[in-house]
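Trainee: Got a file for you: model-v7.txt, compact mmCIF, N, CA and C atoms.
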```
# COMPACT_ATOMS: atom_id res chain seq x y z
N MET A 30 -46.90 -61.58 120.92
CA MET A 30 -47.75 -60.65 120.20
C MET A 30 -47.26 -59.22 120.46
N ARG A 31 -47.31 -58.40 119.44
CA ARG A 31 -46.91 -57.00 119.60
C ARG A 31 -47.89 -56.28 120.53
N ILE A 32 -47.38 -55.32 121.29
CA ILE A 32 -48.21 -54.59 122.25
C ILE A 32 -49.32 -53.80 121.55
N ASP A 33 -49.02 -53.17 120.40
CA ASP A 33 -50.06 -52.40 119.72
C ASP A 33 -51.19 -53.30 119.21
N LYS A 34 -50.84 -54.50 118.76
CA LYS A 34 -51.86 -55.45 118.30
C LYS A 34 -52.69 -55.97 119.48
N PHE A 35 -52.03 -56.22 120.61
CA PHE A 35 -52.77 -56.68 121.80
C PHE A 35 -53.78 -55.62 122.26
N LEU A 36 -53.35 -54.36 122.29
CA LEU A 36 -54.24 -53.29 122.74
C LEU A 36 -55.46 -53.17 121.84
N LYS A 37 -55.26 -53.36 120.53
CA LYS A 37 -56.38 -53.31 119.59
C LYS A 37 -57.28 -54.54 119.74
N ASN A 38 -56.69 -55.74 119.76
CA ASN A 38 -57.49 -56.97 119.86
C ASN A 38 -58.28 -57.05 121.15
N SER A 39 -57.72 -56.55 122.23
CA SER A 39 -58.40 -56.60 123.52
C SER A 39 -59.40 -55.46 123.70
N ARG A 40 -59.46 -54.58 122.73
CA ARG A 40 -60.36 -53.41 122.72
C ARG A 40 -60.03 -52.40 123.82
N LEU A 41 -58.80 -52.43 124.35
CA LEU A 41 -58.39 -51.39 125.31
C LEU A 41 -58.21 -50.07 124.57
N ILE A 42 -57.74 -50.14 123.33
CA ILE A 42 -57.64 -48.98 122.45
C ILE A 42 -58.29 -49.39 121.14
N LYS A 43 -59.11 -48.49 120.56
CA LYS A 43 -59.94 -48.89 119.42
C LYS A 43 -59.18 -49.20 118.15
N ARG A 44 -58.15 -48.42 117.83
CA ARG A 44 -57.43 -48.63 116.58
C ARG A 44 -55.95 -48.88 116.82
N ARG A 45 -55.36 -49.69 115.96
CA ARG A 45 -53.94 -50.03 116.11
C ARG A 45 -53.05 -48.81 115.91
N THR A 46 -53.44 -47.89 115.03
CA THR A 46 -52.64 -46.68 114.83
C THR A 46 -52.65 -45.81 116.08
N VAL A 47 -53.78 -45.77 116.77
CA VAL A 47 -53.87 -45.00 118.02
C VAL A 47 -53.01 -45.67 119.09
N ALA A 48 -53.00 -47.00 119.12
CA ALA A 48 -52.16 -47.74 120.07
C ALA A 48 -50.68 -47.46 119.78
N LYS A 49 -50.31 -47.42 118.50
CA LYS A 49 -48.93 -47.13 118.12
C LYS A 49 -48.54 -45.72 118.54
N ASP A 50 -49.44 -44.76 118.33
CA ASP A 50 -49.17 -43.37 118.74
C ASP A 50 -48.99 -43.27 120.25
N ALA A 51 -49.80 -44.00 121.02
CA ALA A 51 -49.68 -43.99 122.47
C ALA A 51 -48.32 -44.53 122.90
N CYS A 52 -47.85 -45.57 122.22
CA CYS A 52 -46.53 -46.13 122.52
C CYS A 52 -45.43 -45.13 122.16
N ASP A 53 -45.56 -44.49 121.01
CA ASP A 53 -44.56 -43.51 120.56
C ASP A 53 -44.48 -42.31 121.51
N GLN A 54 -45.59 -41.99 122.16
CA GLN A 54 -45.62 -40.87 123.10
C GLN A 54 -45.28 -41.30 124.53
N GLU A 55 -44.77 -42.53 124.67
CA GLU A 55 -44.33 -43.08 125.96
C GLU A 55 -45.45 -43.12 126.99
N ARG A 56 -46.65 -43.48 126.56
CA ARG A 56 -47.80 -43.59 127.46
C ARG A 56 -48.10 -45.02 127.85
N VAL A 57 -47.35 -45.98 127.27
CA VAL A 57 -47.60 -47.40 127.53
C VAL A 57 -46.36 -48.03 128.13
N SER A 58 -46.54 -48.77 129.22
CA SER A 58 -45.41 -49.49 129.81
C SER A 58 -45.82 -50.93 130.10
N VAL A 59 -44.84 -51.82 129.96
CA VAL A 59 -45.05 -53.24 130.25
C VAL A 59 -44.07 -53.60 131.35
N ASN A 60 -44.60 -54.10 132.46
CA ASN A 60 -43.77 -54.47 133.63
C ASN A 60 -42.88 -53.29 134.06
N ASP A 61 -43.48 -52.10 134.14
CA ASP A 61 -42.81 -50.86 134.58
C ASP A 61 -41.69 -50.40 133.65
N LYS A 62 -41.71 -50.82 132.39
CA LYS A 62 -40.74 -50.37 131.38
C LYS A 62 -41.50 -49.76 130.22
N ILE A 63 -41.17 -48.51 129.87
CA ILE A 63 -41.81 -47.86 128.73
C ILE A 63 -41.40 -48.61 127.46
N VAL A 64 -42.38 -48.93 126.61
CA VAL A 64 -42.12 -49.76 125.44
C VAL A 64 -42.53 -49.07 124.14
N LYS A 65 -41.94 -49.55 123.05
CA LYS A 65 -42.32 -49.12 121.70
C LYS A 65 -43.46 -50.02 121.22
N ALA A 66 -44.06 -49.65 120.09
CA ALA A 66 -45.22 -50.39 119.56
C ALA A 66 -44.87 -51.82 119.19
N GLY A 67 -43.63 -52.10 118.84
CA GLY A 67 -43.24 -53.44 118.41
C GLY A 67 -42.83 -54.37 119.53
N ALA A 68 -42.89 -53.90 120.77
CA ALA A 68 -42.47 -54.73 121.91
C ALA A 68 -43.40 -55.93 122.06
N GLU A 69 -42.81 -57.06 122.40
CA GLU A 69 -43.59 -58.28 122.57
C GLU A 69 -44.22 -58.32 123.96
N VAL A 70 -45.45 -58.79 124.02
CA VAL A 70 -46.15 -58.95 125.29
C VAL A 70 -46.52 -60.43 125.42
N LYS A 71 -46.50 -60.94 126.65
CA LYS A 71 -46.85 -62.35 126.87
C LYS A 71 -47.81 -62.45 128.06
N GLU A 72 -48.36 -63.62 128.24
CA GLU A 72 -49.32 -63.83 129.33
C GLU A 72 -48.64 -63.58 130.67
N GLY A 73 -49.33 -62.87 131.56
CA GLY A 73 -48.79 -62.57 132.87
C GLY A 73 -48.17 -61.18 132.96
N ASP A 74 -47.94 -60.52 131.82
CA ASP A 74 -47.36 -59.18 131.84
C ASP A 74 -48.35 -58.17 132.39
N ILE A 75 -47.82 -57.12 133.03
CA ILE A 75 -48.63 -56.03 133.55
C ILE A 75 -48.46 -54.83 132.62
N ILE A 76 -49.57 -54.34 132.06
CA ILE A 76 -49.54 -53.21 131.13
C ILE A 76 -50.17 -52.01 131.80
N ARG A 77 -49.50 -50.86 131.70
CA ARG A 77 -50.03 -49.61 132.24
C ARG A 77 -50.16 -48.61 131.09
N ILE A 78 -51.36 -48.05 130.92
CA ILE A 78 -51.63 -47.09 129.86
C ILE A 78 -52.05 -45.77 130.51
N SER A 79 -51.41 -44.68 130.10
CA SER A 79 -51.74 -43.36 130.64
C SER A 79 -52.60 -42.60 129.64
N PHE A 80 -53.74 -42.10 130.11
CA PHE A 80 -54.64 -41.28 129.30
C PHE A 80 -54.76 -39.92 129.97
N GLY A 81 -54.05 -38.92 129.50
CA GLY A 81 -54.13 -37.60 130.09
C GLY A 81 -53.76 -37.65 131.56
N ASN A 82 -54.71 -37.36 132.46
CA ASN A 82 -54.40 -37.38 133.89
C ASN A 82 -54.94 -38.63 134.59
N SER A 83 -55.34 -39.65 133.82
CA SER A 83 -55.75 -40.91 134.42
C SER A 83 -54.94 -42.04 133.79
N SER A 84 -54.99 -43.20 134.43
CA SER A 84 -54.25 -44.34 133.88
C SER A 84 -55.02 -45.63 134.16
N LEU A 85 -54.65 -46.68 133.42
CA LEU A 85 -55.28 -47.98 133.53
C LEU A 85 -54.18 -49.03 133.60
N THR A 86 -54.28 -49.93 134.57
CA THR A 86 -53.31 -51.01 134.71
C THR A 86 -54.05 -52.34 134.56
N VAL A 87 -53.55 -53.18 133.64
CA VAL A 87 -54.19 -54.47 133.39
C VAL A 87 -53.14 -55.58 133.38
N LYS A 88 -53.61 -56.79 133.64
CA LYS A 88 -52.75 -57.98 133.56
C LYS A 88 -53.21 -58.81 132.37
N VAL A 89 -52.26 -59.23 131.53
CA VAL A 89 -52.57 -60.03 130.35
C VAL A 89 -52.91 -61.45 130.79
N LEU A 90 -54.10 -61.92 130.43
CA LEU A 90 -54.53 -63.27 130.78
C LEU A 90 -54.33 -64.25 129.62
N LYS A 91 -54.64 -63.81 128.40
CA LYS A 91 -54.43 -64.68 127.25
C LYS A 91 -54.24 -63.85 125.99
N LEU A 92 -53.57 -64.44 125.02
CA LEU A 92 -53.29 -63.80 123.74
C LEU A 92 -54.05 -64.53 122.65
N THR A 93 -54.87 -63.81 121.90
CA THR A 93 -55.57 -64.40 120.76
C THR A 93 -55.41 -63.48 119.57
N GLU A 94 -55.21 -64.06 118.39
CA GLU A 94 -54.99 -63.28 117.18
C GLU A 94 -56.23 -62.48 116.80
N SER A 95 -57.40 -63.06 117.00
CA SER A 95 -58.63 -62.33 116.73
C SER A 95 -59.72 -62.87 117.64
N CYS A 96 -60.60 -61.99 118.05
CA CYS A 96 -61.69 -62.43 118.91
C CYS A 96 -62.89 -61.52 118.72
N ARG A 97 -64.04 -62.00 119.14
CA ARG A 97 -65.26 -61.21 119.05
C ARG A 97 -65.26 -60.15 120.14
N LYS A 98 -66.06 -59.15 119.95
CA LYS A 98 -66.17 -58.05 120.90
C LYS A 98 -66.54 -58.55 122.30
N GLU A 99 -67.42 -59.54 122.36
CA GLU A 99 -67.87 -60.07 123.64
C GLU A 99 -66.75 -60.79 124.39
N ASP A 100 -65.79 -61.37 123.65
CA ASP A 100 -64.71 -62.13 124.27
C ASP A 100 -63.47 -61.29 124.57
N ALA A 101 -63.43 -60.06 124.11
CA ALA A 101 -62.23 -59.23 124.24
C ALA A 101 -61.86 -58.98 125.70
N ALA A 102 -62.85 -58.81 126.57
CA ALA A 102 -62.58 -58.51 127.98
C ALA A 102 -61.93 -59.69 128.70
N SER A 103 -62.02 -60.88 128.14
CA SER A 103 -61.40 -62.04 128.79
C SER A 103 -59.90 -62.13 128.53
N MET A 104 -59.37 -61.24 127.70
CA MET A 104 -57.94 -61.23 127.39
C MET A 104 -57.11 -60.58 128.48
N TYR A 105 -57.78 -59.80 129.37
CA TYR A 105 -57.07 -59.07 130.40
C TYR A 105 -57.89 -58.97 131.67
N GLU A 106 -57.21 -58.59 132.75
CA GLU A 106 -57.87 -58.38 134.05
C GLU A 106 -57.47 -56.99 134.51
N ILE A 107 -58.44 -56.15 134.86
CA ILE A 107 -58.14 -54.79 135.32
C ILE A 107 -57.62 -54.86 136.74
N ILE A 108 -56.44 -54.29 136.96
CA ILE A 108 -55.84 -54.27 138.28
C ILE A 108 -56.14 -52.94 138.98
N GLU A 109 -55.98 -51.85 138.23
CA GLU A 109 -56.17 -50.52 138.82
C GLU A 109 -56.64 -49.55 137.76
N GLU A 110 -57.60 -48.70 138.12
CA GLU A 110 -58.08 -47.67 137.20
C GLU A 110 -57.66 -46.32 137.68
```
Now, as a test, write the supplied structure out as structure tokens.

Mentor:
Amino acid sequence: MRIDKFLKNSRLIKRRTVAKDACDQERVSVNDKIVKAGAEVKEGDIIRISFGNSSLTVKVLKLTESCRKEDAASMYEIIEE
């Protein structure tokens, strides 16, 4: 699954265009590598997102094409805020 789609589906970022912009601005890394919006993500990957002067690190638990808002948090595990 593409990283921008995962960020949107998991509700870590609200819109896919915003997720793409974050990737274009080099604010998203997968396994300590800065990635573009089209980079593939798989289960077990560690994603780090930088927001201004704070950051969020999560581990991908499962990939689903679509899910309800209540189930979105089960797609990842927060490692560090």

Trainee: Pick the closest to Ile78 (chain A) from A:Tyr105, A:Val57, A:Met30, A:Asn38: which is it, counting all atoms listed in the file?

Mentor: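 Among the listed residues, the smallest separation from Ile78 (chain A) belongs to A:Val57.
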
Trainee: Taking the chain letters and numbering used in this document, name the residues of chain A that DSSP puts in strand (DSSP E), as an NGL selection string.

Mentor: :A and (57-59 or 62-63 or 75-80 or 83-89 or 105-109)

Trainee: When distances are computed from all atoms listed in the file, which of A:Ser39, A:Ser58, A:Thr46, A:Ser84 shows the smallest separation from Asp100 (chain A)?

Mentor: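 Going through A:Ser39, A:Ser58, A:Thr46, A:Ser84 one by one, the smallest distance to Asp100 (chain A) is for A:Ser39.
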
Trainee: According to DSSP computed on the backbone, where in chain A is there alpha helix (DSSP H)? Give the residues as a PyMOL selection string.

Mentor: chain A and resi 32-38+45-53

Trainee: Set the distance at 8 Å and use only C-alpha atoms: which residues neighbour Asp74 (chain A) once local chain neighbours fewer than 4 positions away are removed? I'd like the list as a PDB file with N, CA and C atoms, in the coordinates of the input.

Mentor:
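Below you can see selection_37.pdb, which holds the result:
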```pdb
ATOM      1  N   VAL A  59     -44.840 -51.820 129.960  1.00  0.00           N
ATOM      2  CA  VAL A  59     -45.050 -53.240 130.250  1.00  0.00           C
ATOM      3  C   VAL A  59     -44.070 -53.600 131.350  1.00  0.00           C
ATOM      4  N   ASN A  60     -44.600 -54.100 132.460  1.00  0.00           N
ATOM      5  CA  ASN A  60     -43.770 -54.470 133.630  1.00  0.00           C
ATOM      6  C   ASN A  60     -42.880 -53.290 134.060  1.00  0.00           C
ATOM      7  N   VAL A  70     -45.450 -58.790 124.020  1.00  0.00           N
ATOM      8  CA  VAL A  70     -46.150 -58.950 125.290  1.00  0.00           C
ATOM      9  C   VAL A  70     -46.520 -60.430 125.420  1.00  0.00           C
ATOM     10  N   LYS A  88     -53.610 -56.790 133.640  1.00  0.00           N
ATOM     11  CA  LYS A  88     -52.750 -57.980 133.560  1.00  0.00           C
ATOM     12  C   LYS A  88     -53.210 -58.810 132.370  1.00  0.00           C
ATOM     13  N   VAL A  89     -52.260 -59.230 131.530  1.00  0.00           N
ATOM     14  CA  VAL A  89     -52.570 -60.030 130.350  1.00  0.00           C
ATOM     15  C   VAL A  89     -52.910 -61.450 130.790  1.00  0.00           C
TER      16      VAL A  89
END
```

Trainee: What are the centre and edge lengths in Å, to one decimal, of the axis-aligned box around all listed atoms of region 89-106 of chain A with 3 Å added on each side, as lines of an AutoDock Vina configuration file?

Mentor:
```
center_x = -60.1
center_y = -60.8
center_z = 125.6
size_x = 21.6
size_y = 13.7
size_z = 23.8
```

Trainee: Between A:Glu99, A:Asp61, A:Glu94, A:Glu55, single out the one closest to Ser79 (chain A), counting all atoms listed in the file.

Mentor: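 Of all the options, A:Glu55 lies closest to Ser79 (chain A).
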
Trainee: Have region 53-64 of chain A completed to all heavy atoms, please, and pass it along as a PDB file, keeping the file's coordinate frame.

Mentor:
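The resulting file, result-v9.pdb, is reproduced below:
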```
ATOM      1  N   ASP A  53     -45.560 -44.490 121.010  1.00  0.00           N
ATOM      2  CA  ASP A  53     -44.560 -43.510 120.560  1.00  0.00           C
ATOM      3  C   ASP A  53     -44.480 -42.310 121.510  1.00  0.00           C
ATOM      4  O   ASP A  53     -43.423 -41.700 121.656  1.00  0.00           O
ATOM      5  CB  ASP A  53     -44.873 -43.025 119.146  1.00  0.00           C
ATOM      6  CG  ASP A  53     -44.650 -44.109 118.098  1.00  0.00           C
ATOM      7  OD1 ASP A  53     -43.968 -45.114 118.417  1.00  0.00           O
ATOM      8  OD2 ASP A  53     -45.154 -43.946 116.974  1.00  0.00           O
ATOM      9  N   GLN A  54     -45.590 -41.990 122.160  1.00  0.00           N
ATOM     10  CA  GLN A  54     -45.620 -40.870 123.100  1.00  0.00           C
ATOM     11  C   GLN A  54     -45.280 -41.300 124.530  1.00  0.00           C
ATOM     12  O   GLN A  54     -45.495 -40.556 125.480  1.00  0.00           O
ATOM     13  CB  GLN A  54     -47.000 -40.201 123.074  1.00  0.00           C
ATOM     14  CG  GLN A  54     -47.313 -39.561 121.746  1.00  0.00           C
ATOM     15  CD  GLN A  54     -48.766 -39.132 121.633  1.00  0.00           C
ATOM     16  OE1 GLN A  54     -49.536 -39.216 122.586  1.00  0.00           O
ATOM     17  NE2 GLN A  54     -49.151 -38.681 120.455  1.00  0.00           N
ATOM     18  N   GLU A  55     -44.770 -42.530 124.670  1.00  0.00           N
ATOM     19  CA  GLU A  55     -44.330 -43.080 125.960  1.00  0.00           C
ATOM     20  C   GLU A  55     -45.450 -43.120 126.990  1.00  0.00           C
ATOM     21  O   GLU A  55     -45.252 -42.862 128.171  1.00  0.00           O
ATOM     22  CB  GLU A  55     -43.122 -42.319 126.486  1.00  0.00           C
ATOM     23  CG  GLU A  55     -41.932 -42.394 125.545  1.00  0.00           C
ATOM     24  CD  GLU A  55     -40.691 -41.720 126.109  1.00  0.00           C
ATOM     25  OE1 GLU A  55     -40.790 -40.984 127.105  1.00  0.00           O
ATOM     26  OE2 GLU A  55     -39.623 -41.951 125.531  1.00  0.00           O
ATOM     27  N   ARG A  56     -46.650 -43.480 126.560  1.00  0.00           N
ATOM     28  CA  ARG A  56     -47.800 -43.590 127.460  1.00  0.00           C
ATOM     29  C   ARG A  56     -48.100 -45.020 127.850  1.00  0.00           C
ATOM     30  O   ARG A  56     -49.005 -45.271 128.635  1.00  0.00           O
ATOM     31  CB  ARG A  56     -49.036 -42.986 126.798  1.00  0.00           C
ATOM     32  CG  ARG A  56     -48.928 -41.508 126.578  1.00  0.00           C
ATOM     33  CD  ARG A  56     -50.170 -40.970 125.956  1.00  0.00           C
ATOM     34  NE  ARG A  56     -50.036 -39.549 125.728  1.00  0.00           N
ATOM     35  CZ  ARG A  56     -51.055 -38.750 125.512  1.00  0.00           C
ATOM     36  NH1 ARG A  56     -52.274 -39.238 125.491  1.00  0.00           N
ATOM     37  NH2 ARG A  56     -50.856 -37.472 125.309  1.00  0.00           N
ATOM     38  N   VAL A  57     -47.350 -45.980 127.270  1.00  0.00           N
ATOM     39  CA  VAL A  57     -47.600 -47.400 127.530  1.00  0.00           C
ATOM     40  C   VAL A  57     -46.360 -48.030 128.130  1.00  0.00           C
ATOM     41  O   VAL A  57     -45.254 -47.836 127.616  1.00  0.00           O
ATOM     42  CB  VAL A  57     -47.988 -48.145 126.220  1.00  0.00           C
ATOM     43  CG1 VAL A  57     -48.222 -49.619 126.499  1.00  0.00           C
ATOM     44  CG2 VAL A  57     -49.213 -47.520 125.590  1.00  0.00           C
ATOM     45  N   SER A  58     -46.540 -48.770 129.220  1.00  0.00           N
ATOM     46  CA  SER A  58     -45.410 -49.490 129.810  1.00  0.00           C
ATOM     47  C   SER A  58     -45.820 -50.930 130.100  1.00  0.00           C
ATOM     48  O   SER A  58     -46.977 -51.209 130.403  1.00  0.00           O
ATOM     49  CB  SER A  58     -44.929 -48.807 131.096  1.00  0.00           C
ATOM     50  OG  SER A  58     -45.929 -48.840 132.083  1.00  0.00           O
ATOM     51  N   VAL A  59     -44.840 -51.820 129.960  1.00  0.00           N
ATOM     52  CA  VAL A  59     -45.050 -53.240 130.250  1.00  0.00           C
ATOM     53  C   VAL A  59     -44.070 -53.600 131.350  1.00  0.00           C
ATOM     54  O   VAL A  59     -42.868 -53.399 131.210  1.00  0.00           O
ATOM     55  CB  VAL A  59     -44.805 -54.118 129.002  1.00  0.00           C
ATOM     56  CG1 VAL A  59     -44.932 -55.587 129.354  1.00  0.00           C
ATOM     57  CG2 VAL A  59     -45.764 -53.742 127.892  1.00  0.00           C
ATOM     58  N   ASN A  60     -44.600 -54.100 132.460  1.00  0.00           N
ATOM     59  CA  ASN A  60     -43.770 -54.470 133.630  1.00  0.00           C
ATOM     60  C   ASN A  60     -42.880 -53.290 134.060  1.00  0.00           C
ATOM     61  O   ASN A  60     -41.684 -53.442 134.274  1.00  0.00           O
ATOM     62  CB  ASN A  60     -42.941 -55.712 133.331  1.00  0.00           C
ATOM     63  CG  ASN A  60     -43.814 -56.909 133.029  1.00  0.00           C
ATOM     64  OD1 ASN A  60     -44.909 -57.037 133.552  1.00  0.00           O
ATOM     65  ND2 ASN A  60     -43.339 -57.785 132.177  1.00  0.00           N
ATOM     66  N   ASP A  61     -43.480 -52.100 134.140  1.00  0.00           N
ATOM     67  CA  ASP A  61     -42.810 -50.860 134.580  1.00  0.00           C
ATOM     68  C   ASP A  61     -41.690 -50.400 133.650  1.00  0.00           C
ATOM     69  O   ASP A  61     -40.796 -49.685 134.074  1.00  0.00           O
ATOM     70  CB  ASP A  61     -42.288 -50.999 136.011  1.00  0.00           C
ATOM     71  CG  ASP A  61     -43.423 -51.150 137.011  1.00  0.00           C
ATOM     72  OD1 ASP A  61     -44.487 -50.542 136.795  1.00  0.00           O
ATOM     73  OD2 ASP A  61     -43.246 -51.879 137.995  1.00  0.00           O
ATOM     74  N   LYS A  62     -41.710 -50.820 132.390  1.00  0.00           N
ATOM     75  CA  LYS A  62     -40.740 -50.370 131.380  1.00  0.00           C
ATOM     76  C   LYS A  62     -41.500 -49.760 130.220  1.00  0.00           C
ATOM     77  O   LYS A  62     -42.389 -50.390 129.667  1.00  0.00           O
ATOM     78  CB  LYS A  62     -39.926 -51.565 130.864  1.00  0.00           C
ATOM     79  CG  LYS A  62     -38.468 -51.529 131.241  1.00  0.00           C
ATOM     80  CD  LYS A  62     -37.770 -52.778 130.787  1.00  0.00           C
ATOM     81  CE  LYS A  62     -37.298 -52.610 129.354  1.00  0.00           C
ATOM     82  NZ  LYS A  62     -36.468 -53.742 128.908  1.00  0.00           N
ATOM     83  N   ILE A  63     -41.170 -48.510 129.870  1.00  0.00           N
ATOM     84  CA  ILE A  63     -41.810 -47.860 128.730  1.00  0.00           C
ATOM     85  C   ILE A  63     -41.400 -48.610 127.460  1.00  0.00           C
ATOM     86  O   ILE A  63     -40.220 -48.914 127.271  1.00  0.00           O
ATOM     87  CB  ILE A  63     -41.426 -46.379 128.663  1.00  0.00           C
ATOM     88  CG1 ILE A  63     -42.030 -45.645 129.863  1.00  0.00           C
ATOM     89  CG2 ILE A  63     -41.893 -45.757 127.357  1.00  0.00           C
ATOM     90  CD1 ILE A  63     -41.645 -44.208 129.993  1.00  0.00           C
ATOM     91  N   VAL A  64     -42.380 -48.930 126.610  1.00  0.00           N
ATOM     92  CA  VAL A  64     -42.120 -49.760 125.440  1.00  0.00           C
ATOM     93  C   VAL A  64     -42.530 -49.070 124.140  1.00  0.00           C
ATOM     94  O   VAL A  64     -43.345 -48.160 124.140  1.00  0.00           O
ATOM     95  CB  VAL A  64     -42.847 -51.118 125.543  1.00  0.00           C
ATOM     96  CG1 VAL A  64     -42.317 -51.940 126.692  1.00  0.00           C
ATOM     97  CG2 VAL A  64     -44.343 -50.921 125.679  1.00  0.00           C
TER      98      VAL A  64
END
```
